[in-house]
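Chemist: Got target-v1.csv for you, CSV, C-alpha atoms:
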chain,number,residue,atom,x,y,z
A,32,MET,CA,16.7,-11.9,-4.3
A,33,ILE,CA,14.5,-9.1,-5.6
A,34,ASP,CA,12.3,-11.3,-7.8
A,35,ASN,CA,11.3,-13.4,-4.7
A,36,PHE,CA,10.7,-10.4,-2.4
A,37,LEU,CA,7.0,-9.9,-1.4
A,38,TRP,CA,7.0,-7.9,1.9
A,39,GLN,CA,9.1,-7.2,5.0
A,40,TYR,CA,8.6,-5.3,8.2
A,41,LEU,CA,11.0,-2.4,8.8
A,42,ASP,CA,12.3,-0.9,12.0
A,43,ILE,CA,12.0,2.8,11.6
A,44,ASN,CA,12.8,5.5,14.1
A,45,ASP,CA,9.6,6.3,16.1
A,46,ASP,CA,10.2,10.0,15.9
A,47,LEU,CA,10.2,9.8,12.1
A,48,ILE,CA,7.0,7.8,12.2
A,49,GLU,CA,5.2,10.1,14.6
A,50,ASP,CA,6.2,13.2,12.5
A,51,LEU,CA,4.8,11.5,9.4
A,52,LYS,CA,1.6,10.6,11.2
A,53,TYR,CA,1.2,14.2,12.4
A,54,HIS,CA,1.4,15.4,8.8
A,55,TYR,CA,-1.1,12.8,7.6
A,56,MET,CA,-3.6,13.5,10.4
A,57,LYS,CA,-3.7,17.2,9.7
A,58,SER,CA,-4.3,16.5,6.0
A,59,LEU,CA,-7.0,13.8,6.3
A,60,PRO,CA,-9.8,14.3,3.8
A,61,ASN,CA,-13.5,13.9,4.6
A,62,ASN,CA,-14.3,11.1,2.2
A,63,GLU,CA,-14.3,7.4,1.8
A,64,HIS,CA,-12.0,6.9,-1.2
A,65,PHE,CA,-9.9,3.7,-1.0
A,66,PHE,CA,-6.7,5.1,-2.6
A,67,GLN,CA,-5.9,8.8,-2.8
A,68,SER,CA,-2.8,11.0,-3.0
A,69,LEU,CA,-2.4,13.5,-0.2
A,70,ASN,CA,-0.2,16.6,-0.3
A,71,ILE,CA,1.3,16.4,3.2
A,72,GLY,CA,4.1,18.9,2.6
A,73,ILE,CA,6.9,16.4,2.9
A,74,ILE,CA,9.3,15.7,0.0
A,75,GLU,CA,11.6,13.2,1.5
A,76,PHE,CA,11.5,10.4,4.1
A,77,MET,CA,14.6,8.6,5.5
A,78,GLY,CA,16.7,10.4,2.9
A,79,MET,CA,14.6,9.1,0.0
A,80,GLU,CA,12.7,11.5,-2.3
A,81,ILE,CA,8.9,10.9,-2.1
A,82,LYS,CA,7.1,10.6,-5.4
A,83,LYS,CA,3.6,10.3,-3.9
A,84,SER,CA,2.1,10.3,-0.4
A,85,VAL,CA,-1.0,8.1,-0.4
A,86,LEU,CA,-3.9,7.5,2.0
A,87,ILE,CA,-5.4,4.0,1.9
A,88,GLN,CA,-8.8,3.7,3.5
A,89,VAL,CA,-10.7,0.5,4.0
A,90,GLU,CA,-14.3,0.5,5.1
A,91,PRO,CA,-15.5,-1.4,8.2
A,92,TYR,CA,-16.0,-5.2,7.6
A,93,ALA,CA,-14.6,-4.9,4.1
A,94,ILE,CA,-13.4,-7.8,2.1
A,95,GLY,CA,-10.8,-6.3,-0.2
A,96,ARG,CA,-10.7,-6.6,-3.9
A,97,ILE,CA,-7.6,-8.4,-5.2
A,98,HIS,CA,-5.6,-5.9,-7.3
A,99,THR,CA,-2.2,-4.6,-8.3
A,100,ASP,CA,-1.5,-0.9,-8.3
A,101,TYR,CA,-1.3,0.6,-11.7
A,102,ARG,CA,2.2,1.2,-13.0
A,103,PHE,CA,2.4,4.0,-15.5
A,104,ASP,CA,5.8,2.9,-16.8
A,105,LYS,CA,6.3,-0.8,-16.4
A,106,ASN,CA,10.0,-0.4,-17.2
A,107,PHE,CA,10.9,1.7,-14.2
A,108,GLY,CA,10.1,1.6,-10.4
A,109,ASP,CA,6.6,2.1,-9.0
A,110,VAL,CA,6.9,-1.3,-7.5
A,111,LEU,CA,7.6,-0.8,-3.8
A,112,ALA,CA,5.4,0.9,-1.2
A,113,LEU,CA,6.2,1.7,2.4
A,114,ASN,CA,3.0,1.3,4.3
A,115,ILE,CA,2.7,2.6,7.9
A,116,PRO,CA,-0.3,2.1,10.2
A,117,LEU,CA,-2.3,5.3,10.9
A,118,ILE,CA,-5.7,4.5,12.3
A,119,ASN,CA,-7.3,1.2,13.2
A,120,CYS,CA,-4.9,-1.1,11.3
A,121,GLN,CA,-4.5,-3.8,13.9
A,122,ASP,CA,-7.8,-5.5,12.8
A,123,SER,CA,-6.9,-5.7,9.1
A,124,ILE,CA,-5.0,-8.2,7.0
A,125,THR,CA,-3.2,-7.6,3.7
A,126,GLN,CA,-3.2,-10.8,1.7
A,127,MET,CA,-0.9,-11.4,-1.3
A,128,TRP,CA,-1.9,-13.6,-4.2
A,129,LYS,CA,-0.5,-15.2,-7.3
A,130,SER,CA,-2.4,-15.5,-10.5
A,131,ASP,CA,-2.1,-16.8,-14.1
A,132,TYR,CA,-3.4,-13.8,-16.0
A,133,THR,CA,-3.1,-10.0,-16.3
A,134,PRO,CA,-6.5,-8.3,-15.9
A,135,PRO,CA,-7.6,-5.1,-17.6
A,136,THR,CA,-7.2,-1.8,-16.0
A,137,GLN,CA,-10.2,-0.4,-14.0
A,138,TYR,CA,-10.7,2.8,-12.1
A,139,THR,CA,-11.7,3.6,-8.5
A,140,ASP,CA,-14.6,5.9,-7.8
A,141,ASN,CA,-12.2,8.8,-7.6
A,142,GLY,CA,-10.5,7.9,-11.0
A,143,GLN,CA,-7.4,6.0,-9.8
A,144,PRO,CA,-6.4,3.2,-12.1
A,145,TYR,CA,-5.7,-0.3,-10.8
A,146,ASN,CA,-5.8,-3.9,-12.1
A,147,PHE,CA,-8.6,-6.0,-10.5
A,148,TYR,CA,-8.3,-9.8,-10.3
A,149,ASP,CA,-11.0,-12.4,-10.3
A,150,LYS,CA,-10.5,-14.3,-6.9
A,151,SER,CA,-11.3,-17.6,-8.6
A,152,ARG,CA,-8.2,-17.2,-10.7
A,153,CYS,CA,-5.9,-16.4,-7.7
A,154,GLN,CA,-4.2,-18.4,-5.0
A,155,LYS,CA,-3.2,-16.8,-1.7
A,156,ILE,CA,0.6,-16.9,-1.0
A,157,THR,CA,1.1,-14.9,2.1
A,158,GLU,CA,-0.3,-12.2,4.4
A,159,PHE,CA,0.7,-9.6,6.9
A,160,GLN,CA,-0.9,-7.3,9.5
A,161,LEU,CA,-0.1,-3.6,9.3
A,162,THR,CA,1.0,-3.2,12.9
A,163,LYS,CA,4.3,-1.6,12.0
A,164,PRO,CA,6.0,-0.2,8.9
A,165,VAL,CA,6.1,-2.7,6.0
A,166,LEU,CA,7.7,-2.5,2.6
A,167,PHE,CA,5.9,-4.5,0.0
A,168,ARG,CA,5.5,-5.1,-3.7
A,169,THR,CA,2.4,-3.4,-5.2
A,170,ASP,CA,2.9,-5.2,-8.5
A,171,ILE,CA,2.0,-8.5,-6.8
A,172,PRO,CA,-1.8,-9.0,-6.5
A,173,HIS,CA,-2.9,-8.0,-3.0
A,174,SER,CA,-6.1,-7.2,-1.0
A,175,VAL,CA,-6.9,-5.7,2.4
A,176,ASN,CA,-9.6,-7.2,4.6
A,177,ASN,CA,-10.9,-5.1,7.6
A,178,SER,CA,-12.6,-7.2,10.3
A,179,SER,CA,-13.3,-4.1,12.4
A,180,ASN,CA,-16.4,-2.0,12.8
A,181,LYS,CA,-14.2,1.1,12.2
A,182,LYS,CA,-12.5,2.5,9.1
A,183,ARG,CA,-8.9,1.5,8.6
A,184,GLN,CA,-6.5,4.2,7.4
A,185,ALA,CA,-2.9,3.7,6.4
A,186,ILE,CA,0.0,5.7,5.1
A,187,SER,CA,1.5,4.6,1.9
A,188,LEU,CA,4.7,6.3,0.6
A,189,ARG,CA,5.9,5.8,-3.0
A,190,PHE,CA,9.4,6.9,-3.8
A,191,LYS,CA,11.1,8.4,-6.9
A,192,ILE,CA,13.5,5.4,-6.7
A,193,ASP,CA,12.2,2.2,-5.3
A,194,PRO,CA,14.0,1.5,-1.9
A,195,TRP,CA,15.3,-2.0,-2.7
A,196,HIS,CA,18.3,-1.2,-0.5
A,197,LEU,CA,16.0,-1.5,2.6
A,198,ILE,CA,15.3,-5.2,2.0
A,199,GLY,CA,17.0,-7.4,4.6
A,200,LYS,CA,17.8,-4.5,7.0
Show me, as structure tokens, the structure contained in the file I just sent.
Modeler:
Amino acid sequence: MIDNFLWQYLDINDDLIEDLKYHYMKSLPNNEHFFQSLNIGIIEFMGMEIKKSVLIQVEPYAIGRIHTDYRFDKNFGDVLALNIPLINCQDSITQMWKSDYTPPTQYTDNGQPYNFYDKSRCQKITEFQLTKPVLFRTDIPHSVNNSSNKKRQAISLRFKIDPWHLIGK
């Protein structure tokens, strides 16, 4: 059921993944921003139209802030992200949380909106390691911890239409 869905690993053709990684690697910015859109020159992936290509960067030894991604129109989409490991993802954990309140919108240092949660008002419900492609709900509070001494970089694709059809495949 969609309401109960949190995350799921996906088996995606290695050639598709390698091509996507190639486009990300040649577009990597020289900054430390946690969340940023990248123009990688690709408009579709697996037959689905891409709304936004995002780079997620987590600093060494970072304990992530619990947050939900900002949804500009809460009546439509913008819920699912397809995240794919790019660099140094094996030593990080994405945790998902439940909470009893909706926090105010805040902004990253590069102006990206998000909703930051007070950890004392959250309870961890699950976690995953980004060692292969994963589809997950960005409207559920989540955080990324990086236990490595190296920056963790991940691909995050957002689609024009959320790919609910991939659940269970």
Chemist: Which neighbours of A:Arg168 fall inside 12 Å, counting only C-alpha atoms, when residues of the same chain fewer than 3 positions from it are skipped, and could you give them as number ranges by chain?
Modeler: A: 33-39, 98-102, 108-114, 125-128, 165, 171-173, 187, 189, 193-195, 198
Chemist: Within 12 Å of (-1.9, 16.0, 0.9) in the file's own coordinates, which protein, DNA or RNA residues have an atom, counting all atoms listed in the file? List them as a PyMOL selection string.
Modeler: chain A and resi 51+54-60+67-74+83-86+186-188
Chemist: I'd like the interatomic distance between atom CA of A:Ser179 and atom CA of A:Thr157, to a tenth of an Å.
Modeler: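 Those two atoms sit 20.7 Å apart.
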Chemist: Taking (7.8, 10.4, 8.5) as a centre in this file's frame and 10 Å as the limit, can you find every polymer residue with an atom that close, using all atoms listed in the file, and give them as a ChimeraX atom specification?
Modeler: /A:43-55,73,75-77,115,186,188
Chemist: Between atom CA of A:Phe66 and atom CA of A:Thr139, measure the distance and give it in Å to one decimal.
Modeler: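 One can read the atom CA of A:Phe66 to atom CA of A:Thr139 distance as 7.9 Å.
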Chemist: Quick check, in Å to one decimal: how far apart do atom CA of A:Asn177 and atom CA of A:Tyr148 lie?
Modeler: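 Between these atoms lies a distance of 18.7 Å.
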